[in-house]
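Worksheet: the structure to be examined is printed underneath.
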Amino acid sequence: MNNTIAAIATPPGTGGVAIVRISGPDAFTVAAKISSVKNFDKNTIKPGVLFELNTKNVIDKVLLSVFKAPNSYTGEDVVEINCHGSYYLTQKLLTEVLKAGARLAEAGEFTKRAFLAGKLDLTQVEAVADTISAGSEMSLSLALRHLDGDVRQKIRQIRAEFLQILSEIEAALDYPEEIPDPPLKKIRLLLQNTQKTFAQLLADSDKGLLIKSGAVIVLAGKPNTGKSSLFNALLKHNKAIVTETPGTTRDALEAEAQIGGLRVTLVDTAGLRETQDAVEKLGVERSRAHLQTADLTLAVFDAASAVTSEDQELLAELQDRPHLRVANKIDLPAKIEFPDSVSVSAKTGQNLDLLAAKILEKLDLRRVDFSKNIYISSLRQKDQLIRAEKILIKALDALESAAYLDALAPYLKEIVTVLGELTGDAVSGEIIEQIFANFCVGK
Ligand SMILES: Nc1nc2c(ncn2[C@@H]2O[C@H](COP(=O)(O)OP(=O)(O)OP(=O)(O)O)[C@@H](O)[C@H]2O)c(=O)[nH]1
Ligand SMILES: [Mg+2]
């Protein structure tokens with residue numbers, strides 16, 4: 001089997017430079033066969049030319065970045081060829097690399113090797129994918145914290161504590177004459193503390209998942225309150241049609257925006273009212289459907305006109321859903337005051353920064369502190385934690401039985417396994433395949 005892999009690491013298309021990556025025991029031999037570079041000193045960048053294997057015709061002037069095992073991303077010998085970023089050229093260069101003895105890497109295979117070499121655990125592997133796909137300041141900060149190993153460290157620490165107590169229990173069970181039982185108090189304390197930690201991690205994971213995937217924010221209200229204007233103002237782009245005619249927006253309109261560093265999907269909707277117009281009616285139905293799926297609804301009111309039954313109905317509809325009241329048009333002489341609302345003007349931009357802060361607060365993301373707390377942002381990791389938490393509860397119950405050491409041991413073992421699966425310290429091949437299947441080639 002050929003163990004030296006290669007792939008184009010940069011996106012397909014045209015760019016200033018592109019990178020072809022080679023990793024494996026023959027990385028240097030492969031590169032030497034098709035380039036003017038013959039010495040591969042560790043951590044160097046070597047200028048040279050690349051040529052066709054058979055004809056020796058020069059293909060490109062390149063830079064070779066050289067990493068020697070184990071000091072590379074994969075832990076193997078790695079050469080990264082920096083070439084000019086022509087799509088044709090990059091493909092041709094890769095072909096020559098393959099002819100020279102490497103094989104094409106599978107999706108995520110570089111990162112998989114980094115994992116198998118112990119350079120990254122599974123939480124960091126998932127963070128690599130999150131870093132690549134991060135689309136906002138917050139999701140990037142979060143991915144980088146995970147890449148740094150905040151989850152790995154915490155879970156490994158808990159797992160080590162469980163392994164320790166488990167070894168003490170097993171020793172006491174095996175040699176009851178010589179080795180004393182570990183104190184019940186100590187075990188109970190460990191289990192209780194871990195239960196608290198799990199609960200905290202699970203509570204914070206909701207924030208992690210929201211930060212990673214972004215929040216869906218729906219703008220709703222009766223016609224003409226300025227929903228589309230506010231949508232455009234938050235988007236900083238005139239995407240939605242705005243007119244003074246009530247009932248302008250029909251189809252719900254979606255757009256990606258950044259609010260306070262969070263990626264959000266803004267949804268502008270048709271004004272809510274009773275109508276005989278068939279098209280508008282369908283629009284209103286869609287607005288109502290969007291209210292059901294929103295992470296947060298901005299209930300937009302017109303501060304310059306009187307409150308109507310439509311405003312009241314919307315508030316009643318949103319009663320049990322996360323929402324924020326927004327009184328728009330405060331640049332006009334106010335007719336009414338809306339209690340508990342953020343007053344803004346979509347027209348002048350007044351208080352839009354305040355609205356952004358309130359939105360983060362409503363989503364409970366205002367006090368997110370990546371250096372202090374751990375916000376798990378992977379459903380797989382969350383699932384594992386939920387499993388561990390359930391077993392922990394059984395373990396706590398087992399503490400109450402007379403032969404508690406015997407009763408406890410299997411649960412503690414299970415927890416050690418589940419936590420090991422979370423970080424990949426003890427994990428089945430199947431799970432590994434599933435995780436790497438989501439990667440693209442070259443990563
Ligand atoms: N003075 C002032 N006018 C505004 C403000 N926001 C919106 N308007 C005006 O209000 C009218 C309606 O604005 P839209 O943004 O189309 O309102 P809408 O809620 O999307 O209306 P529908 O799509 O019909 O439901 C337009 O004439 C806007 O120019 C504001 O903050 N101040
Ligand atoms: Mg509109």
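Scheme for the structure tokens: letters A, B, ... for chains in order shown; per-chain residue numbers from 1; ligand numbers from 1 in order shown.
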| If you run DSSP on the backbone, which residues of region 178-217 of chain A are helix (DSSP H, G or I), as a PyMOL selection string? | chain A and resi 184-213
For those residues, write C-alpha atoms to a file as a compact mmCIF listing (two decimals), in the first residue's frame.
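New file out.txt:
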# COMPACT_ATOMS: atom_id res chain seq x y z
CA LEU A 184 -16.95 6.45 49.86
CA LYS A 185 -16.83 10.18 50.53
CA LYS A 186 -14.09 10.70 47.99
CA ILE A 187 -15.96 8.79 45.30
CA ARG A 188 -19.20 10.61 46.00
CA LEU A 189 -17.47 13.97 45.77
CA LEU A 190 -15.89 13.09 42.44
CA LEU A 191 -19.22 11.95 41.00
CA GLN A 192 -21.08 15.00 42.27
CA ASN A 193 -18.48 17.43 40.99
CA THR A 194 -18.44 15.74 37.62
CA GLN A 195 -22.20 15.91 37.47
CA LYS A 196 -22.00 19.66 37.97
CA THR A 197 -19.33 19.96 35.30
CA PHE A 198 -21.40 17.95 32.82
CA ALA A 199 -24.48 20.07 33.54
CA GLN A 200 -22.49 23.27 32.95
CA LEU A 201 -20.93 21.96 29.74
CA LEU A 202 -24.32 20.89 28.43
CA ALA A 203 -25.93 24.21 29.31
CA ASP A 204 -23.14 26.12 27.60
CA SER A 205 -23.22 23.85 24.55
CA ASP A 206 -26.48 25.49 23.46
CA LYS A 207 -24.52 28.71 23.10
CA GLY A 208 -21.68 26.93 21.34
CA LEU A 209 -24.04 25.41 18.80
CA LEU A 210 -25.81 28.73 18.22
CA ILE A 211 -22.49 30.53 17.73
CA LYS A 212 -21.32 27.92 15.28
CA SER A 213 -24.44 27.67 13.16
Hey, which bits of chain A sit within 10 Å of ligand 1, and for each residue what's the closest pair of atoms and how far apart in Å (one decimal), counting only C-alpha atoms and all ligand atoms, rows by chain and increasing number, as CSV?
residue,atom,partner,partner_atom_place_in_ligand_line,distance
A:Leu219,CA,ligand 1,19 (O),8.7
A:Ala220,CA,ligand 1,19 (O),7.9
A:Gly221,CA,ligand 1,19 (O),6.7
A:Lys222,CA,ligand 1,25 (O),6.0
A:Pro223,CA,ligand 1,25 (O),3.3
A:Asn224,CA,ligand 1,21 (O),3.4
A:Thr225,CA,ligand 1,19 (O),4.0
A:Gly226,CA,ligand 1,17 (O),3.3
A:Lys227,CA,ligand 1,19 (O),3.8
A:Ser228,CA,ligand 1,20 (O),3.7
A:Ser229,CA,ligand 1,15 (O),3.6
A:Leu230,CA,ligand 1,15 (O),6.5
A:Phe231,CA,ligand 1,15 (O),7.8
A:Asn232,CA,ligand 1,15 (O),8.3
A:Ala233,CA,ligand 1,6 (N),9.4
A:Ala240,CA,ligand 1,15 (O),8.1
A:Ile241,CA,ligand 1,16 (O),6.5
A:Val242,CA,ligand 1,16 (O),3.6
A:Thr243,CA,ligand 1,16 (O),4.6
A:Glu244,CA,ligand 1,27 (O),3.4
A:Thr245,CA,ligand 1,24 (O),6.1
A:Pro246,CA,ligand 1,24 (O),3.8
A:Gly247,CA,ligand 1,24 (O),3.4
A:Thr248,CA,ligand 1,24 (O),3.8
A:Thr249,CA,ligand 1,23 (O),3.7
A:Arg250,CA,ligand 1,23 (O),7.0
A:Asp251,CA,ligand 1,23 (O),9.5
A:Ala252,CA,ligand 1,23 (O),9.6
A:Asp268,CA,ligand 1,20 (O),7.5
A:Thr269,CA,ligand 1,23 (O),7.0
A:Ala270,CA,ligand 1,25 (O),5.0
A:Gly271,CA,ligand 1,25 (O),3.4
A:Leu272,CA,ligand 1,25 (O),7.1
A:Arg273,CA,ligand 1,25 (O),9.0
A:Glu280,CA,ligand 1,24 (O),9.8
A:Gly283,CA,ligand 1,25 (O),10.0
A:Val284,CA,ligand 1,25 (O),9.5
A:Val300,CA,ligand 1,19 (O),7.6
A:Phe301,CA,ligand 1,19 (O),8.5
A:Asp302,CA,ligand 1,6 (N),8.3
A:Ala303,CA,ligand 1,31 (O),9.2
A:Ala304,CA,ligand 1,1 (N),8.4
A:Ala327,CA,ligand 1,31 (O),9.0
A:Asn328,CA,ligand 1,31 (O),5.3
A:Lys329,CA,ligand 1,31 (O),3.5
A:Ile330,CA,ligand 1,31 (O),6.4
A:Asp331,CA,ligand 1,32 (N),5.7
A:Leu332,CA,ligand 1,1 (N),5.5
A:Pro333,CA,ligand 1,1 (N),9.2
A:Ser343,CA,ligand 1,31 (O),9.6
A:Val344,CA,ligand 1,31 (O),6.8
A:Ser345,CA,ligand 1,31 (O),3.6
A:Ala346,CA,ligand 1,31 (O),3.8
A:Lys347,CA,ligand 1,31 (O),4.0
A:Thr348,CA,ligand 1,31 (O),6.4
A:Gly349,CA,ligand 1,31 (O),7.6
A:Gln350,CA,ligand 1,31 (O),8.4
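Between Glu106 (chain A) and the candidates A:Ile19, A:Ala134, A:Val441, A:Ile432, the tightest atom-to-atom separation, counting only C-alpha atoms, involves A:Val441.
For the pair CA of Gly48 (chain A) and CA of Glu109 (chain A), the interatomic distance is 27.2 Å.
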| task | List the neighbours of region 402-407 of chain A out to 9 Å using only C-alpha atoms; skip same-chain residues closer than 3 positions along the sequence, and give me the result as a list in words. | result | Ile169, Glu170, Ala172, Leu173, Asp181, Pro182, Leu184, Ala395, Ala398, Leu399, Pro410 and Tyr411 of chain A
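Among the candidates A:Ser23, A:Thr29, A:Ser287, A:Thr111, the residue lying nearest to ligand 2 is A:Ser287 (atoms considered: only C-alpha atoms and all ligand atoms).
Distance annotation: of A:Thr123, A:Asn238, A:Thr14, A:Ser341, the residue with the minimal separation from ligand 2 is A:Asn238; atom set is only C-alpha atoms and all ligand atoms.
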| said: Among region 27-98 of chain A, which residues does DSSP mark as strand (DSSP E or B) when it is run on the backbone? Keep the chain and numbering as in the structure and answer as number ranges by chain. | reply: A: 35, 44-51, 58-67, 78-85
